[in-house]
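Here is the file structure_20.csv (CSV, C-alpha atoms).
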```csv
chain,number,residue,atom,x,y,z
W,209,SER,CA,-55.5,12.2,71.0
W,210,GLU,CA,-54.3,11.7,67.4
W,211,GLY,CA,-53.0,8.2,68.0
W,212,VAL,CA,-49.3,9.1,67.9
W,213,ALA,CA,-47.4,7.3,70.7
W,214,LEU,CA,-44.3,8.9,72.3
W,215,ALA,CA,-41.2,6.6,72.2
W,216,TYR,CA,-37.8,7.4,73.6
W,217,HIS,CA,-34.8,6.2,71.5
W,218,HIS,CA,-31.8,5.3,73.6
W,219,HIS,CA,-28.5,5.8,71.8
W,220,MET,CA,-24.8,5.7,72.4
W,221,GLY,CA,-23.4,9.1,73.3
W,222,THR,CA,-26.6,10.3,74.9
W,223,ILE,CA,-27.8,10.5,78.5
W,224,VAL,CA,-29.7,7.2,78.0
W,225,GLN,CA,-27.5,4.5,76.4
W,226,SER,CA,-27.1,1.5,78.8
W,227,GLU,CA,-29.6,-1.0,80.1
W,228,SER,CA,-29.5,0.6,83.6
W,229,ASP,CA,-30.1,4.0,82.0
W,230,ILE,CA,-33.2,2.6,80.2
W,231,ASP,CA,-34.4,1.1,83.5
W,232,ARG,CA,-34.1,4.5,85.2
W,233,LEU,CA,-36.0,6.2,82.3
W,234,MET,CA,-38.8,3.6,82.4
W,235,ALA,CA,-39.1,3.8,86.2
W,236,GLY,CA,-39.2,7.6,86.1
W,237,THR,CA,-41.8,7.9,83.4
W,238,SER,CA,-45.4,6.8,83.0
W,239,ASP,CA,-46.7,4.3,80.5
W,240,ALA,CA,-47.3,7.3,78.2
W,241,VAL,CA,-43.6,7.1,77.4
W,242,GLY,CA,-42.8,4.2,75.2
W,243,LEU,CA,-39.5,2.7,74.2
W,244,LEU,CA,-37.8,2.6,70.8
W,245,LEU,CA,-35.6,-0.5,71.4
W,246,ASP,CA,-32.4,-0.2,69.3
W,247,ALA,CA,-30.8,-3.7,69.3
W,248,GLY,CA,-27.4,-2.4,68.0
W,249,HIS,CA,-27.0,0.5,70.4
W,250,LEU,CA,-28.0,-1.5,73.4
W,251,THR,CA,-25.6,-4.3,72.4
W,252,TYR,CA,-22.8,-1.7,71.9
W,253,ALA,CA,-23.6,-0.5,75.5
W,254,GLU,CA,-23.2,-4.1,76.8
W,255,GLY,CA,-26.9,-4.4,77.4
W,256,ASP,CA,-29.2,-7.3,76.5
W,257,PRO,CA,-31.9,-6.4,74.0
W,258,VAL,CA,-33.9,-9.6,74.8
W,259,ALA,CA,-34.0,-8.8,78.5
W,260,VAL,CA,-35.1,-5.2,77.9
W,261,ALA,CA,-37.7,-6.4,75.4
W,262,LYS,CA,-39.1,-8.8,78.0
W,263,ARG,CA,-39.1,-6.2,80.8
W,264,TYR,CA,-40.8,-3.5,78.8
W,265,ALA,CA,-42.8,-5.5,76.3
W,266,ASP,CA,-45.9,-3.4,77.0
W,267,ARG,CA,-44.0,-0.2,76.3
W,268,LEU,CA,-42.2,-1.1,73.1
W,269,ARG,CA,-43.2,1.2,70.2
W,270,HIS,CA,-40.5,0.6,67.6
W,271,ILE,CA,-37.6,-1.7,67.1
W,272,HIS,CA,-34.4,-0.6,65.3
W,273,CYS,CA,-33.0,-3.8,63.9
W,274,LYS,CA,-29.4,-2.8,63.7
W,275,ASP,CA,-26.9,-5.6,64.1
W,276,ILE,CA,-23.4,-5.4,65.5
W,277,ARG,CA,-20.1,-7.0,64.5
W,278,MET,CA,-18.7,-8.0,67.9
W,279,PRO,CA,-15.1,-8.5,66.6
W,280,VAL,CA,-15.1,-5.0,65.2
W,281,LEU,CA,-16.6,-3.6,68.4
W,282,ASN,CA,-14.2,-5.4,70.6
W,283,ASP,CA,-11.3,-4.1,68.5
W,284,ALA,CA,-12.6,-0.6,68.8
W,285,LYS,CA,-12.9,-0.9,72.5
W,286,ASN,CA,-9.5,-2.4,72.8
W,287,ARG,CA,-8.0,0.5,70.8
W,288,ASN,CA,-10.1,3.0,72.7
W,289,LEU,CA,-11.6,4.3,69.5
W,290,SER,CA,-14.4,7.0,69.6
W,291,PHE,CA,-17.9,6.0,68.8
W,292,LEU,CA,-17.6,7.6,65.4
W,293,GLU,CA,-14.4,5.8,64.6
W,294,ALA,CA,-16.0,2.5,65.7
W,295,VAL,CA,-19.0,3.2,63.4
W,296,LEU,CA,-16.7,4.1,60.5
W,297,ASN,CA,-14.7,0.9,61.0
W,298,GLY,CA,-17.9,-1.2,60.5
W,299,THR,CA,-19.2,-1.9,64.0
W,300,PHE,CA,-22.8,-1.7,62.9
W,301,THR,CA,-24.5,-3.6,60.1
W,302,VAL,CA,-28.0,-4.7,59.0
W,303,PRO,CA,-29.9,-7.4,60.8
W,304,GLY,CA,-28.6,-10.9,60.2
W,305,ASP,CA,-25.1,-9.7,59.2
W,306,GLY,CA,-23.7,-9.5,62.7
W,307,ASP,CA,-23.9,-11.0,66.2
W,308,VAL,CA,-27.2,-9.8,67.7
W,309,ASP,CA,-29.5,-12.8,68.3
W,310,PHE,CA,-32.6,-11.5,66.5
W,311,ASN,CA,-34.2,-15.0,66.8
W,312,ARG,CA,-34.3,-14.7,70.6
W,313,LEU,CA,-35.5,-11.1,70.4
W,314,PHE,CA,-38.3,-11.9,67.9
W,315,LYS,CA,-39.5,-14.8,70.0
W,316,VAL,CA,-40.1,-12.3,72.8
W,317,LEU,CA,-41.8,-9.9,70.4
W,318,LYS,CA,-44.1,-12.8,69.2
W,319,ALA,CA,-44.9,-13.8,72.8
W,320,SER,CA,-45.9,-10.3,73.7
W,321,ASN,CA,-48.0,-9.8,70.5
W,322,TYR,CA,-45.8,-6.9,69.4
W,323,GLU,CA,-47.4,-5.1,66.5
W,324,GLY,CA,-45.1,-2.0,66.1
W,325,TRP,CA,-42.5,-1.1,63.6
W,326,LEU,CA,-39.4,-3.2,62.8
W,327,VAL,CA,-36.9,-0.9,61.1
W,328,VAL,CA,-33.9,-2.1,59.1
W,329,GLU,CA,-31.0,0.1,60.2
W,330,ALA,CA,-27.3,0.2,59.9
W,331,GLU,CA,-25.0,3.1,60.6
W,332,GLN,CA,-22.3,2.3,58.1
W,333,ASP,CA,-19.9,4.2,55.9
W,334,PRO,CA,-21.7,4.2,52.5
W,335,SER,CA,-18.4,4.3,50.6
W,336,ILE,CA,-17.6,0.9,52.1
W,337,ALA,CA,-21.0,-0.6,52.6
W,338,HIS,CA,-23.1,0.0,49.5
W,339,PRO,CA,-26.4,1.3,50.8
W,340,LEU,CA,-28.8,-0.5,48.4
W,341,THR,CA,-26.9,-3.7,48.8
W,342,TYR,CA,-27.1,-3.6,52.6
W,343,ALA,CA,-30.7,-2.3,52.6
W,344,THR,CA,-31.7,-5.3,50.5
W,345,LEU,CA,-29.7,-7.7,52.6
W,346,GLY,CA,-31.2,-6.3,55.7
W,347,TYR,CA,-34.7,-6.4,54.4
W,348,ASN,CA,-34.3,-10.0,53.2
W,349,ASN,CA,-32.8,-11.1,56.5
W,350,LEU,CA,-35.5,-9.3,58.5
W,351,THR,CA,-38.2,-10.9,56.4
W,352,LYS,CA,-36.8,-14.3,57.0
W,353,LEU,CA,-36.3,-13.7,60.7
W,354,CYS,CA,-40.0,-12.6,61.0
W,355,ALA,CA,-41.2,-15.7,59.1
W,356,ASP,CA,-39.0,-18.0,61.2
W,357,ASN,CA,-40.5,-16.5,64.4
W,358,GLY,CA,-44.1,-16.2,63.3
W,359,LEU,CA,-44.2,-12.4,63.1
W,360,THR,CA,-46.4,-11.0,60.4
W,361,ILE,CA,-45.1,-8.2,58.2
W,362,SER,CA,-47.3,-5.4,56.8
W,363,GLN,CA,-45.5,-3.4,54.1
```
Rewrite the coordinates I just gave you, this time as structure tokens.
Amino acid sequence: SEGVALAYHHHMGTIVQSESDIDRLMAGTSDAVGLLLDAGHLTYAEGDPVAVAKRYADRLRHIHCKDIRMPVLNDAKNRNLSFLEAVLNGTFTVPGDGDVDFNRLFKVLKASNYEGWLVVEAEQDPSIAHPLTYATLGYNNLTKLCADNGLTISQ
């Protein structure tokens, strides 16, 4: 009644982390439950953020634009590192600094007239990845990705 929409945030290390987990959540809830799509966490879980965005376009409330460095993730998986160790080794980064195809994702958002939040996010070790440097890089990359794909930014 106050205009605040409920959105579930899937995340590695939780009960809902994979694409199939998201599908079960969406199937078991009404349209009153929206989705916070986290591109980095879904990619980590070997899911496809573009496919999920297409499937649940009408239920997307927020997008966490976290990128992922696939070589670092693959190394972490090959060495059977914990999620925390993978994060500390630099698996995640800001949008445009990794391997998530944000252009494809943003095309889906444009086609579905998405008007929610796009959040620059990166779970990184601040002693290695200077926060202001990476926040600025992420913002600049996100701004360019939006412009390239016809998404309007309100600040």
Give one line per residue of region 316-362 of chain W that approaches region 290-308 of chain W to at most 6 Å, naming the two atoms of the closest pair and their distance in Å to one decimal, counting all atoms listed in the file; sort by chain then ascending residue number and deliver it as JSON lines.
```
{"residue": "W:Glu329", "atom": "CA", "partner": "W:Val302", "partner_atom": "CA", "distance": 5.8}
{"residue": "W:Ala330", "atom": "CA", "partner": "W:Thr301", "partner_atom": "CA", "distance": 4.7}
{"residue": "W:Glu331", "atom": "CA", "partner": "W:Phe300", "partner_atom": "CA", "distance": 5.8}
{"residue": "W:Asp333", "atom": "CA", "partner": "W:Leu296", "partner_atom": "CA", "distance": 5.6}
{"residue": "W:Gly346", "atom": "CA", "partner": "W:Val302", "partner_atom": "CA", "distance": 4.9}
{"residue": "W:Asn349", "atom": "CA", "partner": "W:Gly304", "partner_atom": "CA", "distance": 5.6}
```
Got time to write the residues from that selection, C-alpha atoms, as a compact mmCIF listing (two decimals), in the frame of the given file?
```txt
# COMPACT_ATOMS: atom_id res chain seq x y z
CA GLU W 329 -31.00 0.10 60.20
CA ALA W 330 -27.30 0.20 59.90
CA GLU W 331 -25.00 3.10 60.60
CA ASP W 333 -19.90 4.20 55.90
CA GLY W 346 -31.20 -6.30 55.70
CA ASN W 349 -32.80 -11.10 56.50
```
Between CA of Pro279 (chain W) and CA of Leu243 (chain W), what is the distance in Å, rounded to a tenth? 27.9 Å
Contacts of Val258 (chain W) at 8 Å or less, counting all atoms listed in the file, minus same-chain residues fewer than 5 places along, as JSON, numbers by chain? {"W": [312, 313, 316]}
Quick one: write out the picked residues with C-alpha atoms as a PDB file, in the frame of the given file?
```
ATOM      1  CA  ARG W 312     -34.300 -14.700  70.600  1.00  0.00           C
ATOM      2  CA  LEU W 313     -35.500 -11.100  70.400  1.00  0.00           C
ATOM      3  CA  VAL W 316     -40.100 -12.300  72.800  1.00  0.00           C
TER       4      VAL W 316
END
```
Would you list the contacts of Gly242 (chain W) as an MDAnalysis selection string, taking every protein, DNA or RNA residue within 6 Å and counting only C-alpha atoms, but skipping same-chain residues closer than 2 positions in sequence? chainID W and resid 214:215 267:269
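The coordinates place CA of Phe314 (chain W) at 7.7 Å from CA of Leu353 (chain W).
Interatomic distance, CA of Asp356 (chain W) to CA of Tyr264 (chain W): 22.9 Å.
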Would you please work out which residue, of W:Asp275, W:Tyr216, W:Tyr252, W:Lys318, is nearest to Thr237 (chain W) when using only C-alpha atoms? W:Tyr216
Give me, as a PyMOL selection string, all polymer residues having an atom no more than 10 Å from Leu317 (chain W), counting all atoms listed in the file and skipping those fewer than 4 positions away in the same chain. chain W and resi 258+261-262+265+268+271+311-313+321-324+354+357-359
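Between Val260 (chain W) and the candidates W:Val280, W:Ile230, W:Leu340, W:Ile223, the tightest atom-to-atom separation, counting all atoms listed in the file, involves W:Ile230.
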Take the point (-35.9, -1.8, 69.7) in the file's coordinates, draw a sphere of radius 6 Å around it, and report as a ChimeraX atom specification every protein, DNA or RNA residue with an atom inside or on it, counting only C-alpha atoms. /W:244-247,270-272
